[in-house]
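Asks: After the structure tokens below, expect a handful of questions from me.
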Amino acid sequence: MPSKDDALTGAQDALNTASAAVAEKAAEAKQAAIDTGHALAAGAGELKANVTHTAVVAKDAAAEALSAVNERIPHTADEWETAGRDLLASIRRNPTPWATGAAVFLVGWLLGRNSAGSKK
């Protein structure tokens with residue numbers, strides 16, 4: 001039968017071995033957490049760069065579209081008068097699509113007006 005000191009020594013050795021195993025696993029877990037943190041930080045940096053690039057591209061596209069629209073809009077009274085004459089000439093050349101569009105608008109407007117009136 002082992003003595004009390006031998007049993008105590010065996011228990012102490014088992015405790016030391018278990019402590020070393022727990023410390024090793026804790027170190028592995030800490031390193032895994034650090035690696036995950038680094039990976040997340042790198043991903044966030046890449047995401048920020050992508051979002052910034054997309055925002056710049058969208059801003060540039062919007063500026064180009066605005067410039068294109070601004071170039072086509074009449075600015076002077078003479079340009080507005082010319083645009084009006086061109087519109088009237090287009091309607092006189094081919095009135096069917098204009099009449100169809102006006103009829104669709106009128107029907108939609110009347111339906112919307114009647115629908116809004118019935119909700120009161």
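A note on labels: chains of the structure tokens are A, B, ... as shown, every chain counts residues from 1, and ligands are counted from 1 in their shown order.
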Write out as a tab-separated table a residue-level contact list of region 8-96 of chain A versus region 100-109 of chain A with cut-off 12 Å: for each qualifying residue the closest pair of atoms and the distance in Å to one decimal, counting only C-alpha atoms, rows sorted by chain and residue number upward.
Replies:
residue	atom	partner	partner_atom	distance
A:Ile91	CA	A:Gly101	CA	11.6
A:Asn94	CA	A:Thr100	CA	11.1
A:Pro95	CA	A:Thr100	CA	8.5
A:Thr96	CA	A:Thr100	CA	6.0
Asks: Just give me the gap between CA of Lys30 (chain A) and CA of Ala18 (chain A) in Å, one decimal is fine.
Replies: 18.1 Å
Asks: How far is it from CA of Arg85 (chain A) to CA of Trp98 (chain A), in Å with one decimal?
Replies: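 Pair CA of Arg85 (chain A) / CA of Trp98 (chain A) returns 15.3 Å.
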